[in-house]
file input38.cif (mmCIF, C-alpha atoms)
data_work
#
loop_
_atom_site.label_atom_id
_atom_site.label_comp_id
_atom_site.auth_asym_id
_atom_site.auth_seq_id
_atom_site.Cartn_x
_atom_site.Cartn_y
_atom_site.Cartn_z
CA MET R 1 -4.74 21.00 36.71
CA ARG R 2 -6.20 24.50 37.11
CA ALA R 3 -3.50 25.95 34.86
CA HIS R 4 -4.32 23.36 32.21
CA LEU R 5 -8.04 24.13 32.41
CA ALA R 6 -7.27 27.83 32.17
CA ARG R 7 -5.27 27.31 28.99
CA VAL R 8 -8.06 25.19 27.52
CA ASP R 9 -10.69 27.79 28.40
CA ALA R 10 -8.62 30.56 26.83
CA VAL R 11 -8.22 28.58 23.61
CA LEU R 12 -11.94 27.83 23.46
CA VAL R 13 -12.86 31.47 24.03
CA GLN R 14 -10.42 32.62 21.36
CA ALA R 15 -11.72 30.01 18.90
CA ALA R 16 -15.33 31.01 19.58
CA ILE R 17 -14.59 34.69 18.98
CA ALA R 18 -12.70 33.97 15.76
CA ALA R 19 -15.48 31.69 14.50
CA ALA R 20 -18.15 34.31 15.27
CA LEU R 21 -16.27 37.05 13.44
CA SER R 22 -15.59 34.84 10.41
CA PHE R 23 -19.22 33.72 10.43
CA ALA R 24 -20.40 37.34 10.40
CA HIS R 25 -18.04 38.32 7.58
CA LEU R 26 -19.20 35.43 5.40
CA HIS R 27 -22.82 36.37 6.10
CA ASP R 28 -22.19 39.99 5.12
CA ILE R 29 -20.48 38.94 1.86
CA ALA R 30 -23.39 36.65 0.99
CA VAL R 31 -25.90 39.47 1.63
CA ALA R 32 -23.86 41.92 -0.46
CA ALA R 33 -23.71 39.36 -3.30
CA GLY R 34 -27.50 39.15 -3.43
CA GLN R 35 -28.14 36.18 -1.13
CA ASP R 36 -30.70 37.19 1.49
CA GLY R 37 -32.71 35.51 4.23
CA TRP R 38 -31.75 32.00 5.34
CA LYS R 39 -29.42 31.62 2.34
CA ALA R 40 -27.09 34.28 3.69
CA TRP R 41 -26.81 32.37 6.98
CA ALA R 42 -26.25 29.06 5.23
CA TYR R 43 -23.10 30.28 3.46
CA PRO R 44 -20.91 30.65 6.57
CA VAL R 45 -22.18 27.34 7.90
CA SER R 46 -21.20 25.64 4.63
CA VAL R 47 -17.69 27.17 4.62
CA ASP R 48 -17.02 26.30 8.26
CA LEU R 49 -18.28 22.72 7.92
CA LEU R 50 -16.07 22.11 4.88
CA LEU R 51 -13.12 23.57 6.77
CA VAL R 52 -13.76 21.29 9.77
CA ALA R 53 -14.28 18.19 7.58
CA ALA R 54 -11.02 18.78 5.74
CA TRP R 55 -9.16 19.40 9.00
CA ARG R 56 -10.46 16.14 10.49
CA ARG R 57 -9.23 14.23 7.46
CA LEU R 58 -5.83 15.86 7.84
CA ARG R 59 -5.70 14.85 11.51
CA SER R 60 -6.66 11.25 10.68
CA GLY R 61 -3.79 10.90 8.21
CA HIS R 62 -6.04 9.60 5.37
CA THR R 63 -6.44 11.13 1.89
CA VAL R 64 -4.00 13.87 2.87
CA LYS R 65 -3.70 15.46 -0.58
CA ALA R 66 -7.45 15.71 -1.09
CA ALA R 67 -7.94 16.99 2.45
CA TRP R 68 -5.30 19.71 1.95
CA CYS R 69 -6.97 20.76 -1.31
CA TRP R 70 -10.40 21.27 0.25
CA PHE R 71 -8.93 22.79 3.41
CA VAL R 72 -7.17 25.47 1.33
CA ILE R 73 -10.37 26.15 -0.67
CA ALA R 74 -12.47 26.61 2.48
CA LEU R 75 -9.75 28.68 4.13
CA ALA R 76 -9.51 30.93 1.07
CA ALA R 77 -13.30 31.47 1.15
CA SER R 78 -13.23 32.38 4.84
CA LEU R 79 -10.11 34.53 4.62
CA GLY R 80 -11.37 36.23 1.47
CA ALA R 81 -14.59 37.23 3.21
CA ASN R 82 -12.66 38.61 6.19
CA VAL R 83 -10.43 40.71 3.94
CA ALA R 84 -13.26 41.83 1.66
CA THR R 85 -15.27 43.22 4.57
CA ALA R 86 -12.28 45.26 5.79
CA GLY R 87 -13.17 48.11 3.43
CA LEU R 88 -11.50 46.83 0.28
CA LEU R 89 -14.86 46.34 -1.47
CA ASP R 90 -17.92 48.51 -1.75
CA MET R 91 -20.45 46.32 0.01
CA ASN R 92 -23.28 48.22 -1.67
CA ASP R 93 -21.91 47.51 -5.17
CA VAL R 94 -19.89 44.30 -5.25
CA PRO R 95 -18.27 43.23 -8.56
CA ALA R 96 -19.83 40.62 -10.80
CA TRP R 97 -17.05 38.07 -10.22
CA LEU R 98 -17.81 38.05 -6.49
CA ARG R 99 -21.49 37.42 -7.17
CA ILE R 100 -20.47 34.51 -9.42
CA LEU R 101 -18.19 33.04 -6.73
CA VAL R 102 -20.87 33.30 -4.05
CA ALA R 103 -23.54 31.82 -6.32
CA GLY R 104 -21.28 28.90 -7.30
CA TRP R 105 -20.04 28.14 -3.80
CA PRO R 106 -22.87 25.67 -2.84
CA ALA R 107 -21.91 23.33 -5.67
CA VAL R 108 -18.23 23.50 -4.71
CA ALA R 109 -18.98 22.88 -1.03
CA PHE R 110 -21.30 19.98 -1.87
CA LEU R 111 -18.64 18.35 -4.04
CA GLY R 112 -15.92 18.77 -1.42
CA GLY R 113 -18.06 17.55 1.45
CA THR R 114 -19.23 14.51 -0.51
CA LEU R 115 -15.72 13.50 -1.50
CA LEU R 116 -14.39 13.91 2.03
CA ALA R 117 -17.29 12.00 3.57
CA HIS R 118 -17.44 9.07 1.16
CA THR R 119 -13.81 8.49 0.25
CA LYS R 120 -12.83 5.21 1.90
CA PRO R 121 -9.75 5.75 4.10
CA ALA R 122 -6.82 3.35 3.77
CA ASP R 123 -5.72 1.18 6.65
CA PRO R 124 -2.60 2.85 8.15
CA ALA R 125 -1.36 -0.56 9.29
CA ASP R 126 -1.17 -1.69 5.67
CA PRO R 127 1.70 0.10 3.86
CA ALA R 128 0.67 -1.39 0.56
CA ALA R 129 -2.83 0.08 0.82
CA VAL R 130 -1.44 3.53 1.71
CA GLU R 131 0.94 3.33 -1.22
CA ASP R 132 -1.85 2.33 -3.57
CA GLU R 133 -3.95 5.26 -2.37
CA ASP R 134 -1.10 7.72 -3.03
CA ASP R 135 -0.65 6.26 -6.51
CA GLN R 136 -4.34 6.68 -7.27
CA GLU R 137 -4.26 10.30 -6.10
CA ASP R 138 -1.24 10.94 -8.33
CA GLY R 139 -3.11 9.48 -11.30
CA ALA R 140 -0.72 6.56 -11.73
CA GLU R 141 -2.04 3.12 -12.55
CA PRO R 142 -1.24 0.41 -10.00
CA ALA R 143 1.54 -1.91 -11.01
CA PRO R 144 0.40 -5.42 -12.04
CA PRO R 145 1.23 -8.21 -9.61
CA ALA R 146 4.49 -10.01 -10.25
CA LEU R 147 4.09 -13.43 -11.82
CA PRO R 148 5.66 -16.36 -9.95
CA THR R 149 8.88 -17.54 -11.51
CA ALA R 150 9.15 -21.24 -12.28
CA GLU R 151 12.04 -23.06 -10.70
CA PRO R 152 14.51 -24.47 -13.22
CA ILE R 153 14.09 -28.20 -13.78
CA ALA R 154 17.29 -30.11 -13.32
CA ALA R 155 18.31 -32.07 -16.38
CA PRO R 156 18.31 -35.85 -15.82
CA GLU R 157 21.73 -37.35 -15.28
CA PRO R 158 22.83 -39.18 -18.45
CA ALA R 159 22.92 -42.93 -18.10
CA ARG R 160 26.33 -44.51 -18.01
CA PRO R 161 27.18 -46.58 -21.05
CA ALA R 162 27.11 -50.33 -20.44
CA VAL R 163 30.55 -51.87 -19.92
CA PRO R 164 31.05 -54.99 -22.09
CA VAL R 165 31.94 -57.98 -19.90
CA PRO R 166 33.05 -61.32 -21.37
CA ALA R 167 30.87 -64.24 -20.34
CA ALA R 168 33.93 -66.21 -19.26
CA LEU R 169 34.93 -63.42 -16.90
CA VAL R 170 31.44 -63.41 -15.39
CA GLU R 171 31.62 -67.15 -14.77
CA HIS R 172 35.02 -66.75 -13.18
CA ALA R 173 33.66 -63.99 -10.99
CA ARG R 174 30.82 -66.26 -9.87
CA LYS R 175 33.33 -68.84 -8.70
CA VAL R 176 35.33 -66.20 -6.85
CA ALA R 177 32.17 -64.86 -5.20
CA ALA R 178 31.06 -68.38 -4.21
CA GLU R 179 34.44 -69.14 -2.73
CA HIS R 180 34.36 -65.85 -0.79
CA ARG R 181 30.90 -66.61 0.62
CA THR R 182 31.97 -70.11 1.63
CA ARG R 183 35.06 -68.80 3.34
CA THR R 184 33.66 -65.65 5.02
CA GLY R 185 29.93 -66.34 5.14
CA THR R 186 29.17 -62.94 3.57
CA PRO R 187 28.62 -61.83 -0.04
CA ILE R 188 31.63 -60.39 -1.77
CA ASP R 189 31.67 -56.63 -2.17
CA THR R 190 32.67 -54.73 -5.31
CA PRO R 191 36.11 -53.50 -4.11
CA THR R 192 37.07 -57.04 -3.06
CA LEU R 193 35.82 -58.46 -6.34
CA ARG R 194 37.81 -55.87 -8.24
CA ALA R 195 40.95 -56.67 -6.28
CA ARG R 196 40.53 -60.44 -6.75
CA LEU R 197 39.95 -60.13 -10.50
CA GLY R 198 42.35 -57.27 -11.15
CA ILE R 199 39.91 -55.35 -13.36
CA PRO R 200 38.89 -51.66 -13.62
CA ALA R 201 36.19 -50.28 -11.32
CA PRO R 202 33.48 -49.87 -14.04
CA MET R 203 33.88 -53.49 -15.10
CA ALA R 204 33.84 -54.68 -11.49
CA GLU R 205 30.58 -52.77 -10.90
CA ALA R 206 29.05 -54.31 -14.03
CA ILE R 207 30.01 -57.81 -12.92
CA ALA R 208 28.76 -57.19 -9.37
CA THR R 209 25.40 -56.16 -10.83
CA ARG R 210 25.09 -59.44 -12.68
CA LEU R 211 26.05 -61.44 -9.60
CA THR R 212 23.19 -59.98 -7.50
#
call {"tool": "encode", "arguments": {"input": "input38.cif", "output": "structure tokens"}}
result
Amino acid sequence: MRAHLARVDAVLVQAAIAAALSFAHLHDIAVAAGQDGWKAWAYPVSVDLLLVAAWRRLRSGHTVKAAWCWFVIALAASLGANVATAGLLDMNDVPAWLRILVAGWPAVAFLGGTLLAHTKPADPADPAAVEDEDDQEDGAEPAPPALPTAEPIAAPEPARPAVPVPAALVEHARKVAAEHRTRTGTPIDTPTLRARLGIPAPMAEAIATRLT
């Protein structure tokens, strides 16, 4: 436990020292670029806040591409100030391009902070939402929803052509059916009727239909 606290304390001390040095370098660059008073102190605060906001979005896993973009911009501003104050620039006569960058930084920081703060994060439990968000960042239009496909309608079974049955044969079949009912007590079925009359199955079915 003590070893863990010691490691945490060391990290916090190191982070505090690095933040203080970076803060001072950004302040010195702002002063050299013509920003004095409270404005010179506001510049390092703006850079550090944008860096922290972008890092939090990266840790959350939402809007990763946008977060990486603003993280790199803020990191470049901080790292550039650290390098510039190492003697590479004459702090008493900074170039015009540096004055332009320092003067334009508030608008850039405001845009980045607003986008990071107000961009609605996607639900990580919804893969479709994450995919849609990546597509929007890539500039691709979302695909239209697939239309439901209609199930094929089965064609109606064609009706069987009527089998011509002579009237005499029907009358004979009635007698056979009556005799069968008298003898067995049950109606005659189609196979038995066919066997008794000696006719094809379609004709036997047609006659059985007329007997019912």
call {"tool": "resolve_selection", "arguments": {"input": "input38.cif", "expression": "the PyMOL selection byres ((chain R and resi 51) around 12)", "output": "ChimeraX atom specification"}}
result
/R:19,44-50,52-58,67-79,109,112-113,116
call {"tool": "atom_distance", "arguments": {"input": "input38.cif", "atom1": "CA of Ala86 (chain R)", "atom2": "CA of Ile17 (chain R)"}}
result
17.1 Å
call {"tool": "closest_residue", "arguments": {"input": "input38.cif", "among": "R:Asp189, R:Ala103, R:Ala206, R:His25", "to": "Gly87 (chain R)", "atoms": "all atoms listed in the file"}}
result
R:His25
call {"tool": "atom_distance", "arguments": {"input": "input38.cif", "atom1": "CA of Ala24 (chain R)", "atom2": "CA of Tyr43 (chain R)"}}
result
10.3 Å
call {"tool": "closest_residue", "arguments": {"input": "input38.cif", "among": "R:Val11, R:Ala117, R:Leu26, R:Ala42", "to": "Ala81 (chain R)", "atoms": "only C-alpha atoms"}}
result
R:Leu26
call {"tool": "closest_residue", "arguments": {"input": "input38.cif", "among": "R:Val170, R:Ile29, R:Ile199, R:Ala204", "to": "Val83 (chain R)", "atoms": "all atoms listed in the file"}}
result
R:Ile29
call {"tool": "atom_distance", "arguments": {"input": "input38.cif", "atom1": "CA of Asp36 (chain R)", "atom2": "CA of Asn92 (chain R)"}}
result
13.7 Å
call {"tool": "residues_near_point", "arguments": {"input": "input38.cif", "point": "(26.9, -54.2, -7.6)", "cutoff": "12 Å", "atoms": "all atoms listed in the file", "output": "ChimeraX atom specification"}}
result
/R:187-194,201-212
call {"tool": "residues_around", "arguments": {"input": "input38.cif", "residues": "Lys39 (chain R)", "least_positions_apart": "6", "cutoff": "10 Å", "atoms": "all atoms listed in the file", "output": "list in words"}}
result
His27, Ala30 and Val31 of chain R
call {"tool": "closest_residue", "arguments": {"input": "input38.cif", "among": "R:Leu115, R:Arg196, R:Gln35, R:Leu101", "to": "Glu179 (chain R)", "atoms": "all atoms listed in the file"}}
result
R:Arg196
call {"tool": "closest_residue", "arguments": {"input": "input38.cif", "among": "R:His180, R:Ala10, R:Pro200, R:Ala33", "to": "Gly104 (chain R)", "atoms": "all atoms listed in the file"}}
result
R:Ala33
call {"tool": "closest_residue", "arguments": {"input": "input38.cif", "among": "R:Arg181, R:Trp41, R:Asn82, R:Asp90", "to": "Ala18 (chain R)", "atoms": "all atoms listed in the file"}}
result
R:Asn82
call {"tool": "axis_aligned_box", "arguments": {"input": "input38.cif", "around": "region 92-95 of chain R", "padding_each_side": "6 Å", "output": "lines of an AutoDock Vina configuration file"}}
result
center_x = -20.8
center_y = 45.7
center_z = -5.1
size_x = 17.0
size_y = 17.0
size_z = 18.9
